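Before any comments, here is the structure.
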Amino acid sequence: MRDLVEIGMGREARRAYDLDQIEIVPSRRTRSSQAVSTAWQLDAYRFDIPLMTHPTDAVVSPSSAVRVGELGGLGVLNAEGLWARHADAEGALAKVLEAAAGDEPDSALAMLQELHQAPIREDLIAEALRPLREGSHTVAARVSPQRARELTPALLAAGVEVLVVQGTIISAEHVSAVPEPTPEPLNLKDFIADLDVPVVAGGVGDYRTALHLMRTGAAGVIVGYGQSTATTTDEVLGVGVPMATAIVDAAAARRDYLDETGGRYVHVIADGGIGTSGDIARAVACGADAVMLGEQLAEAAESPAGGLYWTSSAAHPSLPRSEITGLARSGRSLEQVLFGPTDSPYGTTNLFGALRRAMAKTGYSDLKEFQRVGLNLRT
C-alpha cells in the first residue's frame with residue numbers, strides 16, 4: 001500500500017526513503033565471507049563484482065576503464081566526453097584541473113563547457129575504446145538519448161558490446177513540440193530491436209517508467225541520476241529520487257515484467273545516493289543487481305581528474321546540473337578502493353570487500369539471495 005501524506009488541502013505526496021534510512025536485518029545464519037559470491041552477469045557478460053562506472057571523464061579514461069575491467073567491474077566510457085572530442089584529452093582535462101585550482105569557482109565549469117563545444121569525432125571514439133577491445137575487456141560506452149541514433153553505428157564499429165543510453169531522466173516515450181525537420185525523437189523500443197548488443201537505459205525513479213523501459217527490450221534499467229555531492233539536479237530542476245524507494249519500485253517492475261514475459265529478466269542498476277559500502281549493501285538488499293559508482297572512485301590514484309569529480313551533465317551548454325567538486329586524494333589505488341586493505345573505518349574504501357562481509361554476516365551466498373534479506377526502517 002502506498003504511504004501517502006497530506007501536504008495541504010487536497011494535495012498528497014508519497015512518503016519515500018533514502019538508503020541511509022534503511023537497515024539490513026541479520027538472519028539466524030552466518031557464513032564465511034570466502035563462501036560468498038559477488039559475481040554479476042549482464043546478458044552474456046560476467047563480472048566478478050556488481051560494478052558499473054558512472055560514465056564521467058572525471059573517473060573514466062581509456063586506461064582507468066581497462067583497470068576496472070581487470071578488477072572485475074564494467075568501465076563505461078562517455079562517448080560524448082573529452083576522449084571523443086579531443087585528440088589530446090589529457091591536455092584538455094589538465095585545463096579543467098588548472099581552472100579548478102584558480103580563484104574563480106565557476107571557471108572550471110565554464111572551461112568544461114567550452115571544451116565540450118568541440119565536435120565529436122568517430123575516429124577518437126574508436127581510439128579511446130581500442131585499449132578495452134585489445135585487452136579483451138567488455139567494451140561499454142554511454143550516449144545520451146539525443147545522440148544515440150547518431151553515434152551508435154560508430155560505437156558498434158568500434159567494438160562496443162554493452163551500450164548505455166543514459167540521461168538525467170529518460171522515458172520510453174518523448175513528446176516533442178518542435179516541428180519538422182527536427183529529427184524524430186528516439187523510440188527506444190525500435191532502436192533496441194535493431195541492435196545485436198544489450199542496452200542499459202536510464203535513469204528512472206518510479207515503477208511505471210521502469211516497467212515501460214523494460215518493455216522496450218532493455219537488458220538493464222538505471223535507477224537514479226547519479227546523485228552525489230557534485231549533482232545539483234534537485235536544486236536546478238526540483239527533481240529528486242529517494243533511492244531506497246526508487247530501487248524497490250524498479251525491482252517490483254522487474255518482477256512483474258518477469259511474470260508478464262514468462263521469464264525475461266531485466267537488471268536494475270542503482271545510480272546515486274550511495275556514499276559508503278553500507279549503501280552498496282543496502283542498494284542490493286533493496287533489489288539492485290549492480291551499482292553505478294563515480295564519486296566513490298575519484299580518490300583512486302588511477303582517476304584521471306586528480307580527485308576532482310563531476311557528472312556528464314556538468315558540461316550541458318545552457319543548464320548544467322553538476323558542479324565540479326574536489327575530493328581529497330588518499331593515494332590509494334583503485335584496487336584498494338574496491339577491495340582494500342584499508343585503515344578507514346567509514347566505509348569509503350574496500351567497498352566490495354564490505355559487501356561480501358555484509359552478505360556473509362547475514363547468511364547469503366550470492367547477490368540474488370541477498371535481495372531477499374530482511375530490512376528495517378529507521379525512524
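Ligands are numbered from 1 in the order shown, residues from 1 within each chain, and chains are lettered A, B, ... in the order they appear in the C-alpha cells.
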Taking the DSSP secondary structure from the backbone, can you list the residues of segment 6-168 of chain A that are strand (DSSP E or B), as number ranges by chain?
A: 6-8, 11-14, 22-25, 40-42, 45-47, 51-53, 74, 76-78, 140-143, 162-166
Writer output for current selection, N, CA and C atoms, as a tab-separated table (two decimals), in the first residue's frame:
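Just written: again.tsv:
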```tsv
chain	number	residue	atom	x	y	z
A	6	GLU	N	-0.71	13.86	3.53
A	6	GLU	CA	-1.32	15.11	3.11
A	6	GLU	C	-0.36	16.26	3.38
A	7	ILE	N	-0.03	17.03	2.33
A	7	ILE	CA	0.89	18.15	2.50
A	7	ILE	C	0.16	19.49	2.45
A	8	GLY	N	-1.16	19.45	2.30
A	8	GLY	CA	-2.01	20.65	2.24
A	8	GLY	C	-3.39	20.24	1.79
A	11	ARG	N	-4.02	17.98	-1.49
A	11	ARG	CA	-2.76	17.59	-2.14
A	11	ARG	C	-2.01	16.62	-1.25
A	12	GLU	N	-1.64	15.46	-1.84
A	12	GLU	CA	-0.91	14.45	-1.10
A	12	GLU	C	0.42	14.16	-1.78
A	13	ALA	N	1.36	13.69	-1.02
A	13	ALA	CA	2.66	13.28	-1.55
A	13	ALA	C	2.99	11.91	-0.99
A	14	ARG	N	3.72	11.16	-1.77
A	14	ARG	CA	4.12	9.83	-1.32
A	14	ARG	C	5.33	9.93	-0.41
A	22	ILE	N	17.50	2.94	5.72
A	22	ILE	CA	17.24	1.50	5.70
A	22	ILE	C	18.35	0.77	6.44
A	23	GLU	N	17.99	-0.24	7.19
A	23	GLU	CA	18.97	-1.10	7.86
A	23	GLU	C	18.72	-2.55	7.48
A	24	ILE	N	19.81	-3.29	7.27
A	24	ILE	CA	19.73	-4.71	6.94
A	24	ILE	C	19.63	-5.52	8.22
A	25	VAL	N	18.74	-6.50	8.22
A	25	VAL	CA	18.49	-7.31	9.41
A	25	VAL	C	19.26	-8.63	9.31
A	40	TRP	N	28.24	-11.06	-10.96
A	40	TRP	CA	27.05	-10.49	-11.60
A	40	TRP	C	27.17	-10.72	-13.11
A	41	GLN	N	26.07	-11.08	-13.75
A	41	GLN	CA	26.10	-11.34	-15.19
A	41	GLN	C	25.04	-10.51	-15.89
A	42	LEU	N	25.47	-9.71	-16.85
A	42	LEU	CA	24.58	-8.90	-17.68
A	42	LEU	C	24.60	-9.48	-19.09
A	45	TYR	N	27.71	-11.32	-20.48
A	45	TYR	CA	28.94	-10.79	-19.91
A	45	TYR	C	28.93	-10.94	-18.40
A	46	ARG	N	29.96	-11.63	-17.89
A	46	ARG	CA	30.04	-11.92	-16.46
A	46	ARG	C	31.09	-11.04	-15.81
A	47	PHE	N	30.78	-10.54	-14.60
A	47	PHE	CA	31.68	-9.66	-13.87
A	47	PHE	C	31.83	-10.19	-12.44
A	51	LEU	N	29.58	-3.90	-10.40
A	51	LEU	CA	30.00	-2.51	-10.56
A	51	LEU	C	29.96	-2.07	-12.01
A	52	MET	N	29.25	-0.97	-12.27
A	52	MET	CA	29.40	-0.20	-13.49
A	52	MET	C	29.91	1.18	-13.07
A	53	THR	N	30.83	1.73	-13.84
A	53	THR	CA	31.29	3.07	-13.50
A	53	THR	C	30.32	4.10	-14.05
A	74	LEU	N	32.74	-3.24	-14.70
A	74	LEU	CA	32.47	-2.78	-16.06
A	74	LEU	C	32.73	-1.28	-16.13
A	76	VAL	N	32.59	2.17	-18.04
A	76	VAL	CA	31.75	2.75	-19.09
A	76	VAL	C	32.33	4.10	-19.49
A	77	LEU	N	32.77	4.21	-20.73
A	77	LEU	CA	33.35	5.45	-21.24
A	77	LEU	C	32.24	6.36	-21.77
A	78	ASN	N	32.37	7.65	-21.53
A	78	ASN	CA	31.40	8.62	-22.04
A	78	ASN	C	31.74	8.93	-23.50
A	140	ALA	N	32.19	-1.00	-23.14
A	140	ALA	CA	30.92	-0.33	-22.86
A	140	ALA	C	31.09	1.16	-23.03
A	141	ALA	N	30.06	1.80	-23.57
A	141	ALA	CA	30.09	3.25	-23.77
A	141	ALA	C	28.71	3.83	-23.54
A	142	ARG	N	28.70	5.08	-23.11
A	142	ARG	CA	27.45	5.78	-22.84
A	142	ARG	C	27.18	6.85	-23.89
A	143	VAL	N	25.91	6.92	-24.33
A	143	VAL	CA	25.44	8.01	-25.16
A	143	VAL	C	24.18	8.58	-24.54
A	162	VAL	N	28.36	-3.44	-24.82
A	162	VAL	CA	27.25	-3.01	-23.97
A	162	VAL	C	27.04	-1.53	-24.21
A	163	LEU	N	25.83	-1.16	-24.65
A	163	LEU	CA	25.53	0.24	-24.92
A	163	LEU	C	24.69	0.80	-23.78
A	164	VAL	N	25.13	1.92	-23.23
A	164	VAL	CA	24.41	2.58	-22.13
A	164	VAL	C	23.79	3.86	-22.68
A	165	VAL	N	22.46	3.91	-22.69
A	165	VAL	CA	21.73	5.11	-23.12
A	165	VAL	C	21.25	5.79	-21.85
A	166	GLN	N	21.91	6.88	-21.48
A	166	GLN	CA	21.69	7.48	-20.17
A	166	GLN	C	21.50	8.97	-20.25
```
*What's the 9 Å shell around Glu122 of chain A, counting only C-alpha atoms, without same-chain residues fewer than 4 positions away, as a ChimeraX atom specification?*
/A:84-85,126-127,151,154-155,158
Among A:Ile247, A:Ala87, A:Val204, A:Leu186, Ile280 of chain A is approached most closely, using only C-alpha atoms, by A:Ile247
key: Test item: residues at most 12 Å from Gly240 of chain A, only C-alpha atoms, excluding those fewer than 6 positions along its chain, as a VMD selection string   = chain A and resid 16 to 18 168 to 169 203 to 206 223 to 228 231 to 234 246 272 to 273
For the residues in the current selection, export C-alpha atoms as a PDB file, in the first residue's frame.
```pdb
ATOM      1  CA  ALA A  16       9.757   7.775   0.159  1.00  0.00           C
ATOM      2  CA  TYR A  17      13.048   6.697   1.708  1.00  0.00           C
ATOM      3  CA  ASP A  18      16.758   7.110   1.107  1.00  0.00           C
ATOM      4  CA  THR A 168      19.266  12.602 -16.161  1.00  0.00           C
ATOM      5  CA  ILE A 169      15.706  11.387 -16.717  1.00  0.00           C
ATOM      6  CA  GLY A 203      17.709   6.998 -15.289  1.00  0.00           C
ATOM      7  CA  VAL A 204      14.302   6.325 -13.859  1.00  0.00           C
ATOM      8  CA  GLY A 205      12.800   6.897 -10.449  1.00  0.00           C
ATOM      9  CA  ASP A 206       9.462   5.132 -10.348  1.00  0.00           C
ATOM     10  CA  VAL A 223      17.635   3.844 -11.300  1.00  0.00           C
ATOM     11  CA  GLY A 224      18.561   7.386 -10.256  1.00  0.00           C
ATOM     12  CA  TYR A 225      20.533  10.204 -11.853  1.00  0.00           C
ATOM     13  CA  GLY A 226      23.934   9.891 -10.195  1.00  0.00           C
ATOM     14  CA  GLN A 227      23.058  11.802  -7.042  1.00  0.00           C
ATOM     15  CA  SER A 228      26.277  12.771  -5.257  1.00  0.00           C
ATOM     16  CA  THR A 231      24.996  16.832  -8.586  1.00  0.00           C
ATOM     17  CA  THR A 232      22.642  19.800  -8.453  1.00  0.00           C
ATOM     18  CA  THR A 233      19.626  18.313 -10.232  1.00  0.00           C
ATOM     19  CA  ASP A 234      17.408  18.766  -7.207  1.00  0.00           C
ATOM     20  CA  ALA A 246      13.126   4.008  -6.223  1.00  0.00           C
ATOM     21  CA  GLY A 272      23.157   7.698  -6.919  1.00  0.00           C
ATOM     22  CA  GLY A 273      22.621   8.189  -3.224  1.00  0.00           C
TER      23      GLY A 273
END
```
Near-Leu115 of chain A list (9 Å; only C-alpha atoms; drop same-chain fewer than 6 positions) as a list in words: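 Contacts, with the query itself left out: Leu82, Arg85, His86, Ala92, Leu93, Val96 and Ala315 of chain A.
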- Task: Between atom CA of Leu4 of chain A and atom CA of Arg208 of chain A, measure the distance and give it in Å to one decimal.
- Result: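 Here the two named atoms are 17.3 Å from each other.
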Selection: 10 Å around Val197 of chain A, only C-alpha atoms, excl. self and same-chain fewer than 4 positions, as JSON, numbers by chain: {"A": [43, 44, 156, 160, 161, 162, 163, 192, 193, 219]}
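Rounded to one decimal, atom CA of Ser32 of chain A and atom CA of Tyr265 of chain A lie 29.1 Å from each other.
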Can you tell me, as a compact mmCIF listing (two decimals) with C-alpha atoms, in the first residue's frame, what residues are no more than 9 Å from Thr362 of chain A when counting only C-alpha atoms, ignoring any on the same chain fewer than 2 positions away?
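Below is the file selection.txt, written as the result:
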```
# COMPACT_ATOMS: atom_id res chain seq x y z
CA ILE A 24 19.73 -4.71 6.94
CA VAL A 25 18.49 -7.31 9.41
CA PRO A 26 20.83 -10.23 10.25
CA SER A 27 19.33 -13.70 9.95
CA ARG A 28 19.84 -16.75 12.13
CA ARG A 29 22.63 -17.95 9.83
CA THR A 30 26.09 -16.57 9.08
CA ARG A 31 28.73 -17.91 6.73
CA ARG A 357 31.20 -9.29 4.51
CA ALA A 358 27.64 -7.93 4.78
CA MET A 359 26.35 -10.88 2.76
CA ALA A 360 28.33 -13.30 4.93
CA TYR A 364 23.51 -15.15 1.99
CA PHE A 370 20.84 -11.20 -0.68
CA VAL A 373 17.33 -10.11 3.21
```
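Taking atom CA of Gln117 of chain A as the reference point, atom CA of Pro153 of chain A is found at 21.7 Å.
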